[in-house]
Amino acid sequence: MRSPSSSIVLDSPRRAALAVLAGVVAAGPLFAAPPSPGPAGAGGRPPSGVGPGLSGPSRAREADVVLRGGAVYTLDAVRSWAESVAIRKDTILYVGPDSGIAPYVGPRTRVVNLEGRMVLPAFQDAHIHPISGGISQTQCALYDLETKEKYLAAVAKYASEHKDAAWIRGDGWSLAAFAPTGIPDKKLLDPVVPDRPVYLESSDGHSAWVNSKALSIAGITKETPDPPGGRIDRDPRTGEPVGSLQDSAMNLVSGKAPPYTAQERQEGLRRALRLLNGFGVTSFQDASVDIDSLETYRALDEKGELTARVVASLWWERDKGEEQIPGFLEERRKYTKGRVRATTIKIMQDGVMEVQTAAMLEPYKGKPGARGLEMVEPEALKKYVTRLDKEGFQVHFHAIGDAAIRHCLDALEAARRTNGPRDSRHHISHLEIFNPADIPRFRALGVVANFQPLWAFADDYMVKLTLPFLEPERARWIYPIGSLYRSGAVIAFGSDWSVSSPNPLEELEVAVTRMGPQGETKDPFIPEERIDLPEALAAFTINAAYVNFQDDKTGSIETGKLADLVVLDHNLFTIKPEAISDTKVVLTLLGGQLVHGDFSLAAPAR
Ligand SMILES: [Zn+2]
């Protein structure tokens with residue numbers, strides 16, 4: 001969700017439906033994912049020319065690495081299983097039973113005995129903010145502290161340890177710690193840091209908690225109007241700003257802080273890549289980039305340090321219009337290189353449920369007239385999206401409320417009416433609360449439903465800040481992942497890190513159980529909306545690869561595809577669903593190169 005209003009402004013800025021798009025009929029009746037038009041067909045079939053009678057590999061067939069004796073879940077179109085994978089350079093040469101691996105083993109081949117460990121295609125995150133996430137680890141981190149008292153203690157400690165810092169910046173506080181309003185107060189911060197500005201973003205990136213010094217540097221007084229797409233929270237009696245800023249109002253303060261240096265950004269991205277590779281992620285879609293972020297990716301790619309394939313979503317400035325598009329075309333041309341493709345435009349259409357900035361068709365319960373914030377006027381949105389579609393961009397929306405979701409779909413429908421269908425793979429992220437009439441439109445329009453499944457359980461955000469403001473019949477349609485799946489839509493998953501954990505195994509567990517991954521809850525939240533493990537795995541692999549326009553090369557384990565894969569210490573299909581998030585990634589390969597762990601398969605320390 002994180003918007004570029006962040007102080008970390010670098011981010012400023014199935015079946016049938018698919019088969020029709022690709023002009024192919026998927027083979028799998030049950031779990032078929034987007035068919036992958038890779039150079040070889042279904043996994044498990046050795047390349048032609050391999051057969052009985054060959055005692056050793058020809059030079060062309062000798063693998064660099066052979067993984068054998070594993071539970072290899074290929075995520076190919078028919079969801080086949082295998083035992084062995086052979087890799088040469090960056091490419092998968094063979095996937096199939098152990099009995100077929102011998103021709104690939106030569107004197108130089110490293111053979112790794114998996115002893116039943118699981119192999120999957122490496123994970124792909126369809127919505128994440130790596131650079132800001134990495135930078136935030138170097139600042140005042142408030143994640144997981146959960147109470148006001150602990151936040152204030154962490155701020156005091158950070159301020160005393162960083163006496164030279166002109167600004168105290170940090171993030172990760174939870175709106176739930178300030179329930180029922182979700183709005184913190186400057187009066188708590190002022191005694192802790194009276195003389196320097198403090199700017200602290202909420203964990204979802206949509207709110208900032210600031211002290212009086214920060215408000216005064218920004219010139220915010222009770223006379224200051226709310227900016228478009230934002231809100232300055234005020235004392236209801238006096239009109240005084242209380243020290244809490246929503247969405248675009250955050251920029252009023254963050255814009256006064258010194259920008260991060262190129263070195264700070266690159267170090268942030270390095271940290272993020274280490275973390276993501278450790279969780280088995282080797283591809284992602286950065287959900288909001290600006291020029292500084294594009295330069296950061298380019299710099300690391302040129303140094304050979306970019307250990308992920310990246311799709312960058314260029315940030316649509318919502319106070320501007322079509323005049324932005326020539327700039328996007330130029331950025332796409334300039335920055336689509338190496339492992340980076342700047343081929344997507346991110347449009348943030350509303351805010352979030354917890355502070356009632358999500359755009360709703362009907363008012364929030366008990367708040368007459370309050371229907372949230374719509375960031376781009378719906379008729380203008382149609383015009384912009386039609387133009388972007390015509391220019392060949394993929395559009396990646398942020399939509400949380402049912403009105404925002406509907407208006408994004410309306411815009412995509414208008415684009416299709418004008419431009420005709422094309423292989424556009426537009427997607428809408430977050431998708432918190434639906435009007436059920438809009439569910440079938442995803443498949444009908446070929447729009448990918450991009451969920452962040454870690455949010456789909458009854459945590460404090462849900463129980464204290466969301467459910468009280470929705471009638472039960474509306475609350476039924478929160479994160480309806482199962483319904484979207486059953487409608488035939490393509491489901492992709494992302495973490496939205498640093499909003500929430502970047503560990504796909506935590507996300508997968510919640511998608512399958514609708515319960516807290518650390519045992520936070522005992523009952524599933526809207527259990528009808530659970531999905532099965534094969535679909536959940538597809539959403540983090542082949543379907544996310546589809547969103548990233550690289551399902552022809554990645555996202556499944558098939559001969560001819562790139563060797564982006566992970567080894568897990570347990571087979572996810574043989575453990576309890578509640579144990580999925582406890583599973584560890586022991587090895588991650590990106591194009592056949594080790595980016596996490598080693599071939600001894602010892603569980604690496606984090
Ligand atoms: Zn986001």
# chains A, B, ... in the order shown; residues from 1 in each chain; ligands from 1
>>> residues_around(residues="Lys213 (chain A)", least_positions_apart="3", cutoff="7 Å", atoms="only C-alpha atoms", output="count of residues only")
6
>>> residues_near_ligand(ligand="ligand 1", cutoff="10 Å", atoms="only C-alpha atoms and all ligand atoms", output="list in words")
Met1, Arg2, Ser3, Pro4, Asp11, Ala126, His127, Ile128, His129, Asp204, Gly205, His206, Asp286, Ala287, Ser288, Lys346, Met348, Phe397, His398, Ser429, His430, Gln452, Gly494, Ser495, Asp496, Trp497, Ser498, Val499 and Ser500 of chain A
>>> write_last_selection(atoms="C-alpha atoms", output="JSON list (two decimals), in the first residue's frame")
[["chain", "number", "residue", "atom", "x", "y", "z"],
["A", 1, "MET", "CA", 0.00, 0.00, 0.00],
["A", 2, "ARG", "CA", 2.91, 2.26, 0.81],
["A", 3, "SER", "CA", 2.54, 5.45, -1.11],
["A", 4, "PRO", "CA", 5.34, 7.68, -2.25],
["A", 11, "ASP", "CA", 9.27, 5.00, -3.70],
["A", 126, "ALA", "CA", 3.77, -9.30, -7.21],
["A", 127, "HIS", "CA", 3.65, -6.22, -4.97],
["A", 128, "ILE", "CA", 6.52, -5.09, -2.76],
["A", 129, "HIS", "CA", 8.59, -2.02, -1.78],
["A", 204, "ASP", "CA", 1.04, 0.40, 6.21],
["A", 205, "GLY", "CA", 2.75, 3.57, 4.99],
["A", 206, "HIS", "CA", -0.48, 5.55, 4.79],
["A", 286, "ASP", "CA", 8.28, -3.00, -7.10],
["A", 287, "ALA", "CA", 4.91, -1.35, -6.53],
["A", 288, "SER", "CA", 6.06, 2.27, -6.71],
["A", 346, "LYS", "CA", 1.05, 2.27, -10.59],
["A", 348, "MET", "CA", -3.25, 4.50, -6.32],
["A", 397, "PHE", "CA", -3.77, -0.37, -9.27],
["A", 398, "HIS", "CA", -4.03, 0.06, -5.54],
["A", 429, "SER", "CA", -3.69, -4.99, -5.66],
["A", 430, "HIS", "CA", -5.07, -5.28, -2.11],
["A", 452, "GLN", "CA", -1.76, -9.75, 0.00],
["A", 494, "GLY", "CA", 2.48, -10.19, -3.04],
["A", 495, "SER", "CA", 3.63, -9.19, 0.42],
["A", 496, "ASP", "CA", 3.53, -5.38, 0.26],
["A", 497, "TRP", "CA", 6.68, -5.48, 2.44],
["A", 498, "SER", "CA", 7.58, -3.43, 4.44],
["A", 499, "VAL", "CA", 3.91, -3.11, 5.27],
["A", 500, "SER", "CA", 4.00, -6.78, 6.28]]
>>> select_by_dssp(residues="region 212-247 of chain A", states="strand (DSSP E)", output="list in words")
Gly230, Arg231, Ile232, Asp233, Arg234, Pro241, Val242, Gly243, Ser244, Leu245, Gln246 and Asp247 of chain A
>>> closest_residue(among="A:Ile345, A:Leu467, A:Leu120, A:Met360", to="Gly280 (chain A)", atoms="only C-alpha atoms")
A:Leu120
>>> closest_residue(among="A:Asp319, A:Asp233, A:Glu223, A:Asp532", to="Trp209 (chain A)", atoms="only C-alpha atoms")
A:Asp233
>>> residues_around(residues="Val385 (chain A)", least_positions_apart="2", cutoff="9 Å", atoms="only C-alpha atoms", output="ChimeraX atom specification")
/A:380-383,387-390,395,408,411-412,414-415
>>> write_last_selection(atoms="N, CA and C atoms", output="short mmCIF file (atom, residue, chain, number, x, y, z; two decimals), in the first residue's frame")
data_model
loop_
_atom_site.label_atom_id
_atom_site.label_comp_id
_atom_site.auth_asym_id
_atom_site.auth_seq_id
_atom_site.Cartn_x
_atom_site.Cartn_y
_atom_site.Cartn_z
N ALA A 380 -11.96 10.55 -15.32
CA ALA A 380 -10.58 10.83 -15.74
C ALA A 380 -9.77 9.55 -15.72
N LEU A 381 -10.04 8.69 -14.76
CA LEU A 381 -9.32 7.41 -14.66
C LEU A 381 -9.51 6.59 -15.94
N LYS A 382 -10.74 6.57 -16.45
CA LYS A 382 -11.00 5.83 -17.70
C LYS A 382 -10.11 6.36 -18.83
N LYS A 383 -10.05 7.67 -18.91
CA LYS A 383 -9.28 8.29 -19.99
C LYS A 383 -7.79 7.94 -19.85
N ARG A 387 -5.43 5.43 -22.31
CA ARG A 387 -4.21 5.93 -22.97
C ARG A 387 -3.00 5.06 -22.59
N LEU A 388 -2.89 4.72 -21.32
CA LEU A 388 -1.75 3.89 -20.88
C LEU A 388 -1.80 2.52 -21.55
N ASP A 389 -2.99 1.96 -21.63
CA ASP A 389 -3.16 0.65 -22.27
C ASP A 389 -2.75 0.72 -23.73
N LYS A 390 -3.13 1.80 -24.38
CA LYS A 390 -2.79 1.98 -25.80
C LYS A 390 -1.27 2.07 -26.00
N VAL A 395 -1.04 -1.72 -16.25
CA VAL A 395 -1.46 -0.84 -15.16
C VAL A 395 -1.64 -1.67 -13.89
N CYS A 408 -11.76 1.04 -10.87
CA CYS A 408 -10.60 0.51 -11.62
C CYS A 408 -11.07 -0.44 -12.71
N ALA A 411 -12.56 1.44 -15.55
CA ALA A 411 -11.53 2.06 -16.40
C ALA A 411 -10.92 1.02 -17.34
N LEU A 412 -10.70 -0.20 -16.82
CA LEU A 412 -10.12 -1.25 -17.67
C LEU A 412 -11.10 -1.70 -18.74
N ALA A 414 -13.33 0.28 -20.09
CA ALA A 414 -13.32 1.36 -21.09
C ALA A 414 -12.10 1.22 -22.01
N ALA A 415 -10.96 0.88 -21.41
CA ALA A 415 -9.73 0.73 -22.21
C ALA A 415 -9.91 -0.39 -23.23
#
>>> atom_distance(atom1="CA of Thr74 (chain A)", atom2="CA of Arg339 (chain A)")
23.5 Å
>>> select_by_dssp(residues="region 109-271 of chain A", states="helix (DSSP H, G or I)", output="PyMOL selection string")
chain A and resi 130-136+148-161+175-178+186-189+212-217+250-254+262-271
>>> write_last_selection(atoms="C-alpha atoms", output="CSV table (one decimal), in the first residue's frame")
chain,number,residue,atom,x,y,z
A,130,PRO,CA,12.1,-3.3,-1.4
A,131,ILE,CA,14.2,-0.1,-1.4
A,132,SER,CA,12.1,1.7,1.3
A,133,GLY,CA,11.9,-1.6,3.2
A,134,GLY,CA,15.6,-2.0,3.2
A,135,ILE,CA,16.2,1.6,4.2
A,136,SER,CA,13.7,1.4,7.0
A,148,LYS,CA,2.5,3.5,22.6
A,149,GLU,CA,4.9,3.1,25.6
A,150,LYS,CA,7.2,0.8,23.6
A,151,TYR,CA,7.2,3.2,20.6
A,152,LEU,CA,8.1,6.1,22.7
A,153,ALA,CA,10.9,4.2,24.4
A,154,ALA,CA,12.3,3.1,21.0
A,155,VAL,CA,12.1,6.7,19.7
A,156,ALA,CA,14.0,8.0,22.9
A,157,LYS,CA,16.7,5.3,22.5
A,158,TYR,CA,17.1,6.0,18.7
A,159,ALA,CA,17.3,9.8,19.4
A,160,SER,CA,19.9,9.4,22.1
A,161,GLU,CA,22.0,7.1,19.9
A,175,LEU,CA,-2.7,1.9,13.9
A,176,ALA,CA,-4.2,-0.6,16.2
A,177,ALA,CA,-2.1,0.7,19.1
A,178,PHE,CA,-4.2,3.9,18.8
A,186,LYS,CA,2.1,14.8,18.8
A,187,LYS,CA,1.7,15.4,22.6
A,188,LEU,CA,3.2,11.9,23.2
A,189,LEU,CA,6.3,12.7,21.1
A,212,SER,CA,5.3,19.7,17.0
A,213,LYS,CA,8.7,20.6,15.7
A,214,ALA,CA,8.0,18.7,12.4
A,215,LEU,CA,4.6,20.5,12.1
A,216,SER,CA,6.2,23.8,12.6
A,217,ILE,CA,9.0,23.2,10.0
A,250,MET,CA,2.4,13.2,4.8
A,251,ASN,CA,4.3,14.8,2.0
A,252,LEU,CA,3.9,18.2,3.7
A,253,VAL,CA,6.4,17.0,6.3
A,254,SER,CA,8.4,14.3,4.6
A,262,ALA,CA,22.4,7.2,-3.6
A,263,GLN,CA,24.6,5.2,-1.2
A,264,GLU,CA,21.8,4.9,1.4
A,265,ARG,CA,19.4,3.7,-1.2
A,266,GLN,CA,21.8,1.2,-2.6
A,267,GLU,CA,22.5,-0.1,0.9
A,268,GLY,CA,18.8,-0.4,1.5
A,269,LEU,CA,18.3,-2.4,-1.7
A,270,ARG,CA,21.2,-4.7,-0.8
A,271,ARG,CA,19.6,-5.4,2.6
>>> closest_atom_pairs(of="region 245-350 of chain A", to="region 583-600 of chain A", cutoff="9 Å", atoms="only C-alpha atoms", output="tab-separated table")
residue	atom	partner	partner_atom	distance
A:Arg274	CA	A:His596	CA	7.9
A:Asn277	CA	A:His596	CA	5.9
A:Gly278	CA	A:His596	CA	5.5
A:Phe279	CA	A:Val585	CA	6.1
A:Gly280	CA	A:Thr588	CA	5.5
A:Val281	CA	A:Thr588	CA	7.9
A:Thr282	CA	A:Leu590	CA	6.2
A:Ser283	CA	A:Leu590	CA	9.0
A:Thr307	CA	A:Val595	CA	6.9
A:Ala308	CA	A:Leu590	CA	7.3
A:Arg309	CA	A:Leu590	CA	8.9
>>> write_last_selection(atoms="N, CA and C atoms", output="mmCIF file, in the first residue's frame")
data_model
loop_
_atom_site.group_PDB
_atom_site.id
_atom_site.type_symbol
_atom_site.label_atom_id
_atom_site.label_comp_id
_atom_site.auth_asym_id
_atom_site.auth_seq_id
_atom_site.Cartn_x
_atom_site.Cartn_y
_atom_site.Cartn_z
ATOM 1 N N ARG A 274 19.108 -9.388 0.218
ATOM 2 C CA ARG A 274 19.557 -10.482 1.101
ATOM 3 C C ARG A 274 18.360 -11.129 1.785
ATOM 4 N N ASN A 277 16.054 -12.978 -0.992
ATOM 5 C CA ASN A 277 16.665 -14.223 -1.466
ATOM 6 C C ASN A 277 16.610 -15.273 -0.358
ATOM 7 N N GLY A 278 16.779 -14.826 0.898
ATOM 8 C CA GLY A 278 16.714 -15.749 2.035
ATOM 9 C C GLY A 278 15.336 -16.370 2.202
ATOM 10 N N PHE A 279 14.318 -15.652 1.772
ATOM 11 C CA PHE A 279 12.954 -16.188 1.802
ATOM 12 C C PHE A 279 12.586 -16.857 0.471
ATOM 13 N N GLY A 280 13.542 -17.025 -0.410
ATOM 14 C CA GLY A 280 13.282 -17.750 -1.653
ATOM 15 C C GLY A 280 12.700 -16.904 -2.766
ATOM 16 N N VAL A 281 12.751 -15.575 -2.624
ATOM 17 C CA VAL A 281 12.185 -14.690 -3.655
ATOM 18 C C VAL A 281 13.304 -14.273 -4.607
ATOM 19 N N THR A 282 13.104 -14.498 -5.910
ATOM 20 C CA THR A 282 14.109 -14.065 -6.887
ATOM 21 C C THR A 282 13.533 -13.156 -7.965
ATOM 22 N N SER A 283 12.243 -12.853 -7.893
ATOM 23 C CA SER A 283 11.629 -11.907 -8.827
ATOM 24 C C SER A 283 10.573 -11.130 -8.061
ATOM 25 N N THR A 307 20.346 -9.315 -7.359
ATOM 26 C CA THR A 307 20.047 -10.752 -7.343
ATOM 27 C C THR A 307 18.543 -10.993 -7.396
ATOM 28 N N ALA A 308 17.877 -10.329 -8.319
ATOM 29 C CA ALA A 308 16.446 -10.545 -8.545
ATOM 30 C C ALA A 308 16.086 -9.979 -9.907
ATOM 31 N N ARG A 309 15.010 -10.528 -10.469
ATOM 32 C CA ARG A 309 14.442 -9.964 -11.694
ATOM 33 C C ARG A 309 13.358 -8.988 -11.254
#
>>> closest_residue(among="A:Ser84, A:Gly304, A:Arg298, A:Trp167", to="Pro259 (chain A)", atoms="only C-alpha atoms")
A:Trp167
>>> closest_residue(among="A:Val65, A:Gly255, A:Pro502, A:Gln349", to="Thr91 (chain A)", atoms="only C-alpha atoms")
A:Val65
>>> closest_residue(among="A:Ala437, A:Val242, A:Ile575, A:Leu562", to="Arg88 (chain A)", atoms="only C-alpha atoms")
A:Leu562
>>> residues_around(residues="Pro527 (chain A)", least_positions_apart="4", cutoff="9 Å", atoms="only C-alpha atoms", output="list of chain:residue names")
A:Thr513, A:Arg514, A:Asp523
>>> closest_atom_pairs(of="region 411-479 of chain A", to="region 533-555 of chain A", cutoff="8 Å", atoms="only C-alpha atoms", output="tab-separated table")
residue	atom	partner	partner_atom	distance
A:Arg425	CA	A:Val547	CA	6.0
A:His426	CA	A:Val547	CA	7.8
A:His427	CA	A:Val547	CA	7.5
A:Val448	CA	A:Val547	CA	7.4
>>> write_last_selection(atoms="N, CA, C and O atoms", output="PDB file, in the first residue's frame")
ATOM      1  N   ARG A 425      -2.350  -7.902 -19.053  1.00  0.00           N
ATOM      2  CA  ARG A 425      -2.064  -8.380 -17.698  1.00  0.00           C
ATOM      3  C   ARG A 425      -2.159  -7.277 -16.643  1.00  0.00           C
ATOM      4  O   ARG A 425      -1.357  -7.194 -15.713  1.00  0.00           O
ATOM      5  N   HIS A 426      -3.148  -6.387 -16.806  1.00  0.00           N
ATOM      6  CA  HIS A 426      -3.384  -5.365 -15.784  1.00  0.00           C
ATOM      7  C   HIS A 426      -3.765  -6.057 -14.485  1.00  0.00           C
ATOM      8  O   HIS A 426      -4.379  -7.127 -14.495  1.00  0.00           O
ATOM      9  N   HIS A 427      -3.415  -5.435 -13.370  1.00  0.00           N
ATOM     10  CA  HIS A 427      -3.752  -6.073 -12.095  1.00  0.00           C
ATOM     11  C   HIS A 427      -4.123  -5.057 -11.036  1.00  0.00           C
ATOM     12  O   HIS A 427      -3.702  -3.898 -11.100  1.00  0.00           O
ATOM     13  N   VAL A 448      -5.894  -9.449 -13.402  1.00  0.00           N
ATOM     14  CA  VAL A 448      -5.350 -10.315 -12.355  1.00  0.00           C
ATOM     15  C   VAL A 448      -5.695  -9.741 -10.984  1.00  0.00           C
ATOM     16  O   VAL A 448      -5.552  -8.532 -10.747  1.00  0.00           O
TER      17      VAL A 448
END
>>> atom_distance(atom1="CA of Phe328 (chain A)", atom2="CA of Ala444 (chain A)")
28.2 Å
>>> closest_residue(among="A:Val119, A:Val512, A:Ile557, A:Val463", to="Lys576 (chain A)", atoms="only C-alpha atoms")
A:Val512
>>> residues_around(residues="Tyr199 (chain A)", least_positions_apart="5", cutoff="7 Å", atoms="only C-alpha atoms", output="count of residues only")
6
>>> residues_around(residues="region 234-238 of chain A", least_positions_apart="4", cutoff="10 Å", atoms="only C-alpha atoms", output="JSON, numbers by chain")
{"A": [183, 185, 221, 222, 242, 243, 244, 245]}
